[in-house]
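Data first, discussion second: the structure below is written as structure tokens.
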Amino acid sequence: MRGRAPRGRATPYLFVAPALAVYGAFLLYPLLRAVQFSFYDFDGLTVGTPVGLANYAAVLTDTGLRAAFGHALVLVVFFSLLPLAVGLVLAALLVRARVRGLPLFRTVVFLPQVIAMVVLAVAWRRIYAPDGTLNDLLRAVGLDALTRTWLGDYATALPAVGLIGTWVSTGLVTVLLMAGMARVPKELYEAASLDGASPARQLRVLTLPAIRPEIAVALTLTIISALKTFDLVYVTTGGGPGTSTTVPSYEVYRRAFELGEVGAAAAVGVVLTVLVFAVNLVVNRVADRQR
Amino acid sequence: MASTRSAAGRAVARAVGLGAAAALALTACAPGSGSDDGGTPPQPTGPVSTDVADAGDVTLTVWDQEVRGGQDEQITQLNAAFEEAYPNVTVERVSQSFDDLATTLRLALTGEDAPDVVQTNNARATMGQFVAAGQLVALDAYADAYGWRDRYPESVLQYSTYSEDGTVFGEGSLYGLPQVGEVVGVYYSRSALDELGLEVPQTWADFEAALQTAADAGRTPLLLGNIEGWPAGHVFGAVQGAHVDPAQIRDLGLGNAGASWTTPENLEALGQLQQWQEQGWFNEGVNGTDYDAAWQQLADGQGVFLVAGSWLAPDLQDAMGEDAGFFAPPPADGGELATTGGTGIPFSITTAAEEPDVAAAYIDFLTSDDAMQVLADTGNLPVVDTASYAPESGLLADVYTAFGDVSSQGALLPYLDYATPTFGETLNQTLQGLLAGELTPEQAADALEADYADFTSSGG
């Protein structure tokens with residue numbers, strides 16, 4: 001009787017309802033409200049007035065904001081592309097070489113992922129300080145000419161912030177790629193070696209095509225974290241010096257909490273969300289097509 | 001069994017659908033009108049009471065930013081004393097740093113559970129907007145009842161005075177009372193000055209000569225940690241005070257129309273700040289140095305002068321003892337003694353306060369003569385009758401004297417970031433650019449003028 005019971009059409013919804021309720025309350029609803037706010041001139045205190053697309057027009061014409069989005073794209077290089085390059089080499093070495101203490105290496109490489117970003121940022125701020133570890137190190141080896149105020153120099157602030165991201169992302173990317181590489185049958189490498197393929201060539205024709213899904217996942221995760229970077233910038237530079245390290249998320253915060261332009265802040269946030277989706281759509285399309 | 005289950009399923013589906021519909025319905029109304037306090041809450045009218053003991057059991061939620069050593073000490077003592085004087089009142093204190101308070105206050109004020117008393121920065125972006133949104137209680141009736149206008153000089157009260165719509169700063173109703181005064185001046189190490197054979201400078205030219213002497217002797221004349229952006233604004237305030245007419249600076253600082261950033265005097269002041277940097281008179285890498293690291297360097301004997309606010313006095317006193325000294329930035333020849341300063345963050349009453357009378361009594365208590373004595377005892381700078389609380393010697397005596405001199409004989413200039421909601425950020429970015437040599441003084445003046453003129457021309 002029970003087994004043959006006709007299933008109500010609602011039953012599947014019943015199963016997802018609890019999760020959907022939480023998801024809806026804490027994600028979909030705020031997202032919808034943010035989209036709605038973005039069409040208002042709203043200070044967070046009084047009743048907003050609808051302004052249509054004016055906030056979006058401002059996002060596109062504001063040179064400061066364009067610069068912030070530019071900085072975010074630079075950070076993608078540091079958060080995603082650089083870790084991918086480093087991670088490929090590291091993973092290839094760790095998978096192929098029969099090193100002792102492999103789990104230890106893997107843990108050490110992954111460790112930055114585990115620590116809260118704010119803690120990392122505070123530590124790196126000290127490393128980059130004028131009398132910090134990095135400059136001390138340079139002086140110790142006689143490279144006094146290279147010492148500078150890493151976070152206070154217009155030329156180095158953004159790369160300095162970006163390199164923290166590289167350091168954080170590399171572990172995640174490496175571990176992901178290692179998982180992918182472990183899947184490739186060792187016989188293939190043996191055969192390739194016998195045929196005279198160099199390790200570099202093996203990486204290009206064997207490993208890379210095999211781990212394309214892992215690369216796509218790694219890129220997706222790190223590009224998201226690059227584009228939505230906030231805590232790192234907030235703690236290390238606050239967008240300075242001048243506006244050289246402003247990022248879109250920081251502009252959202254600044255508009256909403258410091259300037260009281262909640263509507264404009266929501267518009268920036270929505271544009272950022274769309275950008276994140278768009279970039280990752282491209283990444284995943286490319287990865288799918290070539291599979 | 002099955003039919004009841006699927007009926008339940010339909011009910012859930014309907015409920016989910018209803019929820020979604022409700023969510024959509026809610027999103028259809030304008031933001032800010034959803035909560036029950038839509039529009040401007042009514043200001044309390046009618047007579048106010050100064051009788052706290054009869055108010056029954058009251059819990060007063062207070063959000064403050066008194067987190068540094070001496071600040072925390074005084075408010076803890078005063079809260080305890082208030083609770084002792086009025087056993088029916090419990091003070092629930094929520095304390096966070098200035099930056100954190102600035103971030104959370106906006107949300108807190110619009111929430112269901114808004115605090116009763118809050119410390120809200122005088123600036124247009126905070127107090128100005130809260131006044132405009134009707135979230136702060138106009139204190140005029142309490143000022144009459146408690147005699148606050150006799151207690152405080154008008155020059156102090158103007159910094160927490162706004163028109164009812166929040167557009168005019170410095171005139172209108174009173175929205176807060178500060179406990180402490182603040183003055184930006186010059187800290188120095190007495191022993192360093194002795195070694196260099198220098199006296200405390202009496203004129204701006206003397207001060208520049210002293211900086212030159214220190215530089216010639218291979219010392220770092222000026223310390224500045226500007227990674228946060230705002231500390232340079234205080235240094236610039238002192239420089240500007242020596243070059244520009246105080247009335248001009250007041251208009252620029254309060255964001256009232258009629259002044260200009262591109263005057264020759266302002267250009268000269270911006271130029272001097274940049275010149276100091278180019279001459280190597282600051283520590284290396286000011287834009288990458290922490291604010292706290294800079295004053296700690298003074299304590300470590302790594303520099304001679306530090307331009308900073310009086311709020312660092314307790315910390316520097318602890319770190320340097322008798323070696324620390326302080327003076328108000330000296331005036332130019334024939335000029336008026338003028339520097340950035342004003343008041344600590346004022347305490348205000350929110351319109352959400354259920355017992356505004358008790359809240360007012362609390363603020364009165366925090367600013368009474370007894371409270372001023374507590375403030376002085378804990379190393380703070382009482383805003384009322386400052387000179388009478390001055391200790392006999394040491395750093396705090398210097399600070400009290402400087403504040404007394406500037407507020408009574410000179411001009412206490414507003415913080416420049418009061419001017420417009422965006423001015424703090426503009427000033428930070430501009431001065432960082434100026435110090436890094438990315439901007440010329442002319443470009444810097446243009447950037448500041450653009451923000452100021454944009455705001456004043458739009459009618460504020």
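Lettering and numbering for the structure tokens are positional, with chains as A, B, ... in the shown order, residues counted from 1 in each chain, and ligands counted from 1 in the shown order.
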
For chain A versus chain B, which residues have an atom no more than 9 Å away, and what is each residue's nearest atom pair and distance in Å rounded to one decimal, using only C-alpha atoms, chain-then-number order, as JSON lines?
```
{"residue": "A:Arg2", "atom": "CA", "partner": "B:Ala2", "partner_atom": "CA", "distance": 7.5}
{"residue": "A:Ala5", "atom": "CA", "partner": "B:Ala2", "partner_atom": "CA", "distance": 6.1}
{"residue": "A:Pro6", "atom": "CA", "partner": "B:Ala2", "partner_atom": "CA", "distance": 7.3}
{"residue": "A:Arg7", "atom": "CA", "partner": "B:Ser6", "partner_atom": "CA", "distance": 7.1}
{"residue": "A:Gly8", "atom": "CA", "partner": "B:Ser6", "partner_atom": "CA", "distance": 4.8}
{"residue": "A:Arg9", "atom": "CA", "partner": "B:Ser6", "partner_atom": "CA", "distance": 7.7}
{"residue": "A:Ala10", "atom": "CA", "partner": "B:Gly9", "partner_atom": "CA", "distance": 5.1}
{"residue": "A:Thr11", "atom": "CA", "partner": "B:Gly9", "partner_atom": "CA", "distance": 5.7}
{"residue": "A:Pro12", "atom": "CA", "partner": "B:Gly9", "partner_atom": "CA", "distance": 8.8}
{"residue": "A:Tyr13", "atom": "CA", "partner": "B:Ala13", "partner_atom": "CA", "distance": 6.7}
{"residue": "A:Leu14", "atom": "CA", "partner": "B:Gly9", "partner_atom": "CA", "distance": 5.8}
{"residue": "A:Ala17", "atom": "CA", "partner": "B:Val16", "partner_atom": "CA", "distance": 7.5}
{"residue": "A:Leu20", "atom": "CA", "partner": "B:Val16", "partner_atom": "CA", "distance": 8.9}
{"residue": "A:Ala21", "atom": "CA", "partner": "B:Val16", "partner_atom": "CA", "distance": 7.7}
{"residue": "A:Gly24", "atom": "CA", "partner": "B:Ala20", "partner_atom": "CA", "distance": 8.5}
{"residue": "A:Tyr29", "atom": "CA", "partner": "B:Ala23", "partner_atom": "CA", "distance": 7.1}
{"residue": "A:Leu32", "atom": "CA", "partner": "B:Thr27", "partner_atom": "CA", "distance": 7.5}
{"residue": "A:Arg33", "atom": "CA", "partner": "B:Thr27", "partner_atom": "CA", "distance": 6.2}
{"residue": "A:Gln36", "atom": "CA", "partner": "B:Thr27", "partner_atom": "CA", "distance": 7.0}
{"residue": "A:Phe37", "atom": "CA", "partner": "B:Pro31", "partner_atom": "CA", "distance": 6.6}
{"residue": "A:Tyr40", "atom": "CA", "partner": "B:Pro31", "partner_atom": "CA", "distance": 7.9}
{"residue": "A:Phe42", "atom": "CA", "partner": "B:Pro31", "partner_atom": "CA", "distance": 7.1}
{"residue": "A:Asp43", "atom": "CA", "partner": "B:Gln129", "partner_atom": "CA", "distance": 8.5}
{"residue": "A:Gly44", "atom": "CA", "partner": "B:Gly32", "partner_atom": "CA", "distance": 6.6}
{"residue": "A:Leu45", "atom": "CA", "partner": "B:Ala133", "partner_atom": "CA", "distance": 5.9}
{"residue": "A:Thr46", "atom": "CA", "partner": "B:Ala133", "partner_atom": "CA", "distance": 5.6}
{"residue": "A:Val47", "atom": "CA", "partner": "B:Gly32", "partner_atom": "CA", "distance": 4.4}
{"residue": "A:Gly48", "atom": "CA", "partner": "B:Pro31", "partner_atom": "CA", "distance": 5.6}
{"residue": "A:Thr49", "atom": "CA", "partner": "B:Ala30", "partner_atom": "CA", "distance": 7.2}
{"residue": "A:Pro50", "atom": "CA", "partner": "B:Ala30", "partner_atom": "CA", "distance": 7.8}
{"residue": "A:Arg125", "atom": "CA", "partner": "B:Gly288", "partner_atom": "CA", "distance": 9.0}
{"residue": "A:Tyr128", "atom": "CA", "partner": "B:Gly288", "partner_atom": "CA", "distance": 8.2}
{"residue": "A:Ala129", "atom": "CA", "partner": "B:Gly288", "partner_atom": "CA", "distance": 6.3}
{"residue": "A:Pro130", "atom": "CA", "partner": "B:Gly285", "partner_atom": "CA", "distance": 6.2}
{"residue": "A:Asp131", "atom": "CA", "partner": "B:Thr289", "partner_atom": "CA", "distance": 8.8}
{"residue": "A:Arg148", "atom": "CA", "partner": "B:Gly285", "partner_atom": "CA", "distance": 7.2}
{"residue": "A:Thr149", "atom": "CA", "partner": "B:Gly285", "partner_atom": "CA", "distance": 5.1}
{"residue": "A:Trp150", "atom": "CA", "partner": "B:Gly288", "partner_atom": "CA", "distance": 6.9}
{"residue": "A:Leu151", "atom": "CA", "partner": "B:Gly288", "partner_atom": "CA", "distance": 5.2}
{"residue": "A:Gly152", "atom": "CA", "partner": "B:Gly288", "partner_atom": "CA", "distance": 3.8}
{"residue": "A:Asp153", "atom": "CA", "partner": "B:Asn287", "partner_atom": "CA", "distance": 7.2}
{"residue": "A:Tyr154", "atom": "CA", "partner": "B:Ala436", "partner_atom": "CA", "distance": 7.6}
{"residue": "A:Thr236", "atom": "CA", "partner": "B:Ile227", "partner_atom": "CA", "distance": 8.4}
{"residue": "A:Thr237", "atom": "CA", "partner": "B:Ile227", "partner_atom": "CA", "distance": 6.4}
{"residue": "A:Gly238", "atom": "CA", "partner": "B:Glu228", "partner_atom": "CA", "distance": 6.7}
{"residue": "A:Gly239", "atom": "CA", "partner": "B:Gln429", "partner_atom": "CA", "distance": 8.9}
{"residue": "A:Gly240", "atom": "CA", "partner": "B:Gln429", "partner_atom": "CA", "distance": 6.9}
{"residue": "A:Pro241", "atom": "CA", "partner": "B:Gln432", "partner_atom": "CA", "distance": 5.7}
{"residue": "A:Gly242", "atom": "CA", "partner": "B:Gln429", "partner_atom": "CA", "distance": 3.9}
{"residue": "A:Thr243", "atom": "CA", "partner": "B:Gln429", "partner_atom": "CA", "distance": 6.4}
{"residue": "A:Phe257", "atom": "CA", "partner": "B:Thr103", "partner_atom": "CA", "distance": 5.5}
{"residue": "A:Glu258", "atom": "CA", "partner": "B:Thr103", "partner_atom": "CA", "distance": 6.9}
{"residue": "A:Leu259", "atom": "CA", "partner": "B:Pro421", "partner_atom": "CA", "distance": 5.8}
{"residue": "A:Gly260", "atom": "CA", "partner": "B:Ala125", "partner_atom": "CA", "distance": 7.2}
```

For the residues in that selection, give me N, CA and C atoms as a compact mmCIF listing (two decimals), in the first residue's frame.
```txt
# COMPACT_ATOMS: atom_id res chain seq x y z
N ARG A 2 1.76 1.21 0.96
CA ARG A 2 2.59 2.38 1.11
C ARG A 2 3.47 2.60 -0.13
N ALA A 5 1.77 3.98 -3.13
CA ALA A 5 1.07 5.25 -2.94
C ALA A 5 1.47 6.25 -4.02
N PRO A 6 0.49 6.89 -4.62
CA PRO A 6 0.82 7.90 -5.61
C PRO A 6 1.52 9.09 -4.92
N ARG A 7 2.60 9.51 -5.50
CA ARG A 7 3.33 10.61 -4.86
C ARG A 7 2.71 11.95 -5.27
N GLY A 8 2.44 12.75 -4.26
CA GLY A 8 1.91 14.08 -4.55
C GLY A 8 2.96 14.89 -5.31
N ARG A 9 2.47 15.74 -6.14
CA ARG A 9 3.44 16.54 -6.90
C ARG A 9 4.25 17.45 -5.99
N ALA A 10 3.71 17.67 -4.79
CA ALA A 10 4.39 18.60 -3.89
C ALA A 10 5.54 17.93 -3.14
N THR A 11 5.55 16.58 -3.17
CA THR A 11 6.54 15.90 -2.33
C THR A 11 7.98 16.37 -2.54
N PRO A 12 8.43 16.49 -3.77
CA PRO A 12 9.82 16.96 -3.94
C PRO A 12 10.04 18.33 -3.28
N TYR A 13 9.02 19.16 -3.39
CA TYR A 13 9.16 20.50 -2.80
C TYR A 13 9.23 20.41 -1.29
N LEU A 14 8.49 19.41 -0.77
CA LEU A 14 8.50 19.21 0.67
C LEU A 14 9.92 18.93 1.14
N ALA A 17 12.02 22.07 0.87
CA ALA A 17 11.47 23.26 1.53
C ALA A 17 12.35 23.83 2.64
N LEU A 20 15.31 25.36 1.12
CA LEU A 20 14.91 26.49 0.28
C LEU A 20 14.52 27.69 1.15
N ALA A 21 13.87 27.40 2.27
CA ALA A 21 13.45 28.49 3.15
C ALA A 21 14.67 29.25 3.66
N GLY A 24 16.32 30.99 0.76
CA GLY A 24 15.52 32.14 0.34
C GLY A 24 15.63 33.29 1.32
N TYR A 29 16.21 36.54 -0.83
CA TYR A 29 15.49 37.74 -0.43
C TYR A 29 16.42 38.96 -0.34
N LEU A 32 17.25 40.07 -3.82
CA LEU A 32 16.15 40.80 -4.45
C LEU A 32 16.04 42.22 -3.89
N ARG A 33 16.17 42.32 -2.56
CA ARG A 33 16.08 43.64 -1.94
C ARG A 33 17.20 44.54 -2.44
N GLN A 36 16.39 45.78 -5.69
CA GLN A 36 15.36 46.81 -5.57
C GLN A 36 15.96 48.14 -5.08
N PHE A 37 16.82 48.06 -4.05
CA PHE A 37 17.46 49.27 -3.52
C PHE A 37 18.20 50.02 -4.62
N TYR A 40 16.73 52.96 -6.24
CA TYR A 40 16.26 54.05 -5.39
C TYR A 40 17.41 54.96 -4.97
N PHE A 42 18.45 56.13 -1.79
CA PHE A 42 18.09 55.67 -0.46
C PHE A 42 19.29 55.83 0.46
N ASP A 43 19.10 56.50 1.61
CA ASP A 43 20.23 56.74 2.50
C ASP A 43 20.29 55.76 3.67
N GLY A 44 19.39 54.79 3.67
CA GLY A 44 19.41 53.80 4.75
C GLY A 44 18.66 54.27 5.98
N LEU A 45 18.22 55.51 5.98
CA LEU A 45 17.57 56.06 7.16
C LEU A 45 16.14 56.48 6.87
N THR A 46 15.95 57.24 5.80
CA THR A 46 14.62 57.74 5.47
C THR A 46 14.05 56.95 4.30
N VAL A 47 12.83 57.26 3.92
CA VAL A 47 12.18 56.55 2.82
C VAL A 47 12.86 56.92 1.50
N GLY A 48 13.18 55.89 0.71
CA GLY A 48 13.87 56.14 -0.55
C GLY A 48 12.95 56.66 -1.63
N THR A 49 13.55 57.33 -2.62
CA THR A 49 12.78 57.76 -3.78
C THR A 49 13.29 57.04 -5.01
N PRO A 50 12.38 56.53 -5.86
CA PRO A 50 12.81 55.80 -7.05
C PRO A 50 13.56 56.72 -8.01
N ARG A 125 50.50 43.12 6.76
CA ARG A 125 50.70 44.55 6.92
C ARG A 125 52.00 44.81 7.68
N TYR A 128 54.98 44.07 5.35
CA TYR A 128 55.21 45.12 4.35
C TYR A 128 55.57 46.47 4.96
N ALA A 129 55.50 46.61 6.29
CA ALA A 129 55.74 47.91 6.93
C ALA A 129 57.14 48.42 6.60
N PRO A 130 57.33 49.78 6.69
CA PRO A 130 58.64 50.34 6.35
C PRO A 130 59.78 49.66 7.11
N ASP A 131 59.56 49.33 8.39
CA ASP A 131 60.60 48.64 9.14
C ASP A 131 60.18 47.19 9.38
N ARG A 148 61.28 49.57 0.19
CA ARG A 148 60.33 50.65 0.00
C ARG A 148 59.14 50.45 0.92
N THR A 149 58.25 51.42 0.91
CA THR A 149 57.04 51.31 1.70
C THR A 149 56.01 50.59 0.85
N TRP A 150 56.01 49.29 0.92
CA TRP A 150 55.26 48.50 -0.05
C TRP A 150 53.80 48.89 -0.16
N LEU A 151 53.16 49.10 0.99
CA LEU A 151 51.72 49.40 0.95
C LEU A 151 51.46 50.90 0.81
N GLY A 152 52.50 51.73 0.93
CA GLY A 152 52.28 53.17 0.88
C GLY A 152 52.76 53.78 -0.41
N ASP A 153 53.28 52.95 -1.31
CA ASP A 153 53.85 53.43 -2.56
C ASP A 153 52.83 53.20 -3.67
N TYR A 154 52.56 54.26 -4.44
CA TYR A 154 51.55 54.14 -5.50
C TYR A 154 51.86 53.00 -6.46
N THR A 236 44.56 46.12 4.97
CA THR A 236 45.94 46.50 4.61
C THR A 236 46.05 47.96 4.21
N THR A 237 45.23 48.43 3.28
CA THR A 237 45.45 49.78 2.75
C THR A 237 44.26 50.70 2.88
N GLY A 238 43.07 50.17 3.10
CA GLY A 238 41.89 51.02 3.11
C GLY A 238 41.67 51.71 1.77
N GLY A 239 42.16 51.11 0.70
CA GLY A 239 41.97 51.69 -0.63
C GLY A 239 43.10 52.60 -1.06
N GLY A 240 43.97 52.95 -0.13
CA GLY A 240 45.04 53.90 -0.42
C GLY A 240 46.29 53.22 -0.92
N PRO A 241 47.36 53.93 -1.14
CA PRO A 241 47.42 55.40 -1.06
C PRO A 241 46.62 56.05 -2.19
N GLY A 242 46.03 57.18 -1.89
CA GLY A 242 45.14 57.80 -2.86
C GLY A 242 44.00 56.84 -3.12
N THR A 243 43.81 56.48 -4.38
CA THR A 243 42.77 55.50 -4.71
C THR A 243 43.40 54.29 -5.38
N PHE A 257 28.04 52.49 4.15
CA PHE A 257 28.23 52.73 5.57
C PHE A 257 28.87 54.07 5.88
N GLU A 258 29.70 54.58 4.98
CA GLU A 258 30.37 55.84 5.30
C GLU A 258 29.67 57.02 4.67
N LEU A 259 29.19 56.86 3.46
CA LEU A 259 28.55 57.98 2.79
C LEU A 259 27.04 57.95 2.92
N GLY A 260 26.48 56.81 3.31
CA GLY A 260 25.04 56.73 3.44
C GLY A 260 24.32 56.72 2.10
```

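Excluding range 153-162 of chain B and any residue on its chain fewer than 4 positions from it, the residues at most 7 Å away by only C-alpha atoms are Asn122, Gly128, Gly166, Val168, Phe169, Gly170, Glu171, Gly172, Ser173, Leu174, Tyr175, Gly176, Gly342 and Thr343 of chain B.
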
Residue selection dump (N, CA and C atoms) as a short mmCIF file (atom, residue, chain, number, x, y, z; two decimals), in the first residue's frame:
```cif
data_model
loop_
_atom_site.label_atom_id
_atom_site.label_comp_id
_atom_site.auth_asym_id
_atom_site.auth_seq_id
_atom_site.Cartn_x
_atom_site.Cartn_y
_atom_site.Cartn_z
N ASN B 122 30.24 64.33 14.99
CA ASN B 122 29.59 65.59 14.63
C ASN B 122 29.38 65.78 13.13
N GLY B 128 24.69 64.82 11.01
CA GLY B 128 23.87 65.60 10.08
C GLY B 128 22.78 64.74 9.46
N GLY B 166 18.89 69.21 9.03
CA GLY B 166 20.27 68.73 8.91
C GLY B 166 21.11 69.43 7.87
N VAL B 168 21.99 72.88 7.72
CA VAL B 168 22.89 73.91 8.22
C VAL B 168 23.63 73.36 9.44
N PHE B 169 24.93 73.48 9.41
CA PHE B 169 25.79 72.96 10.48
C PHE B 169 26.28 74.17 11.28
N GLY B 170 26.09 74.12 12.60
CA GLY B 170 26.60 75.21 13.44
C GLY B 170 25.49 76.14 13.93
N GLU B 171 24.28 75.98 13.40
CA GLU B 171 23.15 76.80 13.85
C GLU B 171 21.92 75.91 13.95
N GLY B 172 21.03 76.25 14.91
CA GLY B 172 19.80 75.48 15.02
C GLY B 172 19.67 74.85 16.39
N SER B 173 19.24 73.60 16.42
CA SER B 173 19.02 72.91 17.69
C SER B 173 20.26 72.12 18.12
N LEU B 174 20.31 71.88 19.41
CA LEU B 174 21.43 71.13 19.97
C LEU B 174 21.11 69.63 19.94
N TYR B 175 22.05 68.82 19.45
CA TYR B 175 21.78 67.38 19.32
C TYR B 175 22.75 66.50 20.09
N GLY B 176 23.69 67.09 20.81
CA GLY B 176 24.59 66.24 21.57
C GLY B 176 25.49 67.05 22.47
N GLY B 342 38.39 70.90 18.88
CA GLY B 342 36.95 70.90 19.07
C GLY B 342 36.63 69.99 20.21
N THR B 343 35.72 69.09 19.95
CA THR B 343 35.23 68.29 21.05
C THR B 343 35.39 66.83 20.75
#
```

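The neighbours of Asn88 in chain B here are the residues that come within 10 Å of it, using only C-alpha atoms and leaving out any residue fewer than 2 positions away in the same chain; they are Val52, Ala53, Asp54, Ala55, Gly56, Asp57, Val58, Thr59, Glu83, Glu84, Ala85, Tyr86 and Thr90 of chain B.
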
Might you pull out every residue within 6 Å of Gln65 in chain B, with only C-alpha atoms counted and same-chain residues fewer than 3 positions away left off, and present them as a ChimeraX atom specification? /B:95-98

Restricted to C-alpha atoms, what would the selected residues look like written as an mmCIF file, in the first residue's frame?
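The resulting selection.cif:
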```cif
data_model
loop_
_atom_site.group_PDB
_atom_site.id
_atom_site.type_symbol
_atom_site.label_atom_id
_atom_site.label_comp_id
_atom_site.auth_asym_id
_atom_site.auth_seq_id
_atom_site.Cartn_x
_atom_site.Cartn_y
_atom_site.Cartn_z
ATOM 1 C CA SER B 95 31.520 49.846 23.557
ATOM 2 C CA GLN B 96 33.369 49.686 20.243
ATOM 3 C CA SER B 97 36.107 51.561 18.428
ATOM 4 C CA PHE B 98 35.380 54.795 16.590
#
```

So the first atom is CA of Asn266 in chain B and the second is CA of Ser310 in chain B; what is the distance between them in Å, to one decimal place?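 Computing it gives 24.6 Å between the two atoms.
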
Mind the document's chain letters and residue numbers, and return as a ChimeraX atom specification the residues of range 147-386 of chain B that DSSP labels strand (DSSP E or B). /B:161-162,169,173-174,177,180-189,222-223,282,305-309,324-327,338-343,347-350,382

Store the residues picked out above, limited to C-alpha atoms, as a CSV table (one decimal), in the first residue's frame.
```csv
chain,number,residue,atom,x,y,z
B,161,THR,CA,24.2,72.0,16.5
B,162,TYR,CA,22.2,71.5,13.3
B,169,PHE,CA,25.8,73.0,10.5
B,173,SER,CA,19.0,72.9,17.7
B,174,LEU,CA,21.4,71.1,20.0
B,177,LEU,CA,27.0,67.0,24.4
B,180,VAL,CA,36.1,66.2,26.4
B,181,GLY,CA,37.9,68.7,24.4
B,182,GLU,CA,40.4,67.9,21.6
B,183,VAL,CA,43.2,69.9,20.2
B,184,VAL,CA,45.7,69.0,17.6
B,185,GLY,CA,49.1,70.1,18.6
B,186,VAL,CA,52.8,69.1,18.5
B,187,TYR,CA,54.2,66.4,20.8
B,188,TYR,CA,57.9,66.4,21.4
B,189,SER,CA,60.6,64.8,23.4
B,222,LEU,CA,58.5,64.9,12.1
B,223,LEU,CA,56.8,61.6,12.6
B,282,PHE,CA,59.1,63.1,7.7
B,305,PHE,CA,58.1,66.1,16.8
B,306,LEU,CA,54.8,64.5,16.2
B,307,VAL,CA,51.7,66.5,15.1
B,308,ALA,CA,48.7,64.7,16.6
B,309,GLY,CA,45.6,65.1,18.7
B,324,ALA,CA,56.9,64.1,26.7
B,325,GLY,CA,55.8,67.6,26.0
B,326,PHE,CA,53.1,69.3,24.0
B,327,PHE,CA,52.5,72.7,22.5
B,338,ALA,CA,44.7,78.6,15.4
B,339,THR,CA,44.6,74.8,15.2
B,340,THR,CA,42.3,72.0,14.5
B,341,GLY,CA,40.3,70.9,17.5
B,342,GLY,CA,36.9,70.9,19.1
B,343,THR,CA,35.2,68.3,21.1
B,347,PHE,CA,26.6,61.9,23.4
B,348,SER,CA,23.1,62.1,21.8
B,349,ILE,CA,19.7,60.7,22.6
B,350,THR,CA,17.9,58.6,19.9
B,382,PRO,CA,37.6,68.0,30.2
```

Which polymer residues have any atom within 12 Å of an atom of Val62 in chain B, counting only C-alpha atoms, with same-chain residues fewer than 5 positions away left out, as a PDB file with C-alpha atoms, in the first residue's frame?
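Once written, result15.pdb looks like this:
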```
ATOM      1  CA  ILE B  75      33.171  56.030  31.490  1.00  0.00           C
ATOM      2  CA  THR B  76      33.326  52.909  33.635  1.00  0.00           C
ATOM      3  CA  ASN B  79      28.484  54.633  34.741  1.00  0.00           C
ATOM      4  CA  THR B  90      20.762  50.050  34.771  1.00  0.00           C
ATOM      5  CA  VAL B  91      23.262  51.256  32.222  1.00  0.00           C
ATOM      6  CA  GLU B  92      23.897  48.679  29.543  1.00  0.00           C
ATOM      7  CA  ARG B  93      27.100  49.690  27.868  1.00  0.00           C
ATOM      8  CA  VAL B  94      28.056  48.649  24.336  1.00  0.00           C
ATOM      9  CA  SER B  95      31.520  49.846  23.557  1.00  0.00           C
ATOM     10  CA  GLN B  96      33.369  49.686  20.243  1.00  0.00           C
ATOM     11  CA  LEU B 101      30.773  52.497  15.831  1.00  0.00           C
ATOM     12  CA  LEU B 105      25.411  52.949  14.144  1.00  0.00           C
ATOM     13  CA  ALA B 108      21.409  50.197  14.730  1.00  0.00           C
ATOM     14  CA  ASP B 113      16.218  47.585  19.167  1.00  0.00           C
ATOM     15  CA  ALA B 114      17.911  50.950  18.742  1.00  0.00           C
ATOM     16  CA  PRO B 115      20.105  52.118  21.625  1.00  0.00           C
ATOM     17  CA  ASP B 116      18.910  54.984  23.823  1.00  0.00           C
ATOM     18  CA  VAL B 117      22.093  57.014  24.037  1.00  0.00           C
ATOM     19  CA  VAL B 118      24.760  56.966  21.336  1.00  0.00           C
ATOM     20  CA  GLN B 119      28.005  58.719  20.650  1.00  0.00           C
ATOM     21  CA  THR B 120      27.669  60.078  17.157  1.00  0.00           C
ATOM     22  CA  PHE B 347      26.554  61.878  23.354  1.00  0.00           C
ATOM     23  CA  SER B 348      23.114  62.075  21.763  1.00  0.00           C
ATOM     24  CA  ILE B 349      19.665  60.679  22.554  1.00  0.00           C
ATOM     25  CA  THR B 350      17.907  58.640  19.906  1.00  0.00           C
ATOM     26  CA  ALA B 353      14.756  56.000  23.507  1.00  0.00           C
ATOM     27  CA  VAL B 358      16.469  59.413  31.966  1.00  0.00           C
ATOM     28  CA  ALA B 359      18.786  59.520  28.956  1.00  0.00           C
ATOM     29  CA  ALA B 360      19.080  63.287  29.317  1.00  0.00           C
ATOM     30  CA  TYR B 362      22.552  60.449  32.093  1.00  0.00           C
ATOM     31  CA  ILE B 363      24.136  62.862  29.638  1.00  0.00           C
TER      32      ILE B 363
END
```

For Leu267 in chain B, work out the shell of residues within 12 Å, counting only C-alpha atoms and skipping chain neighbours fewer than 2 positions away, then give it as a PyMOL selection string. chain B and resi 236+239-240+243-244+260-265+269-275+434+440-446+448-449
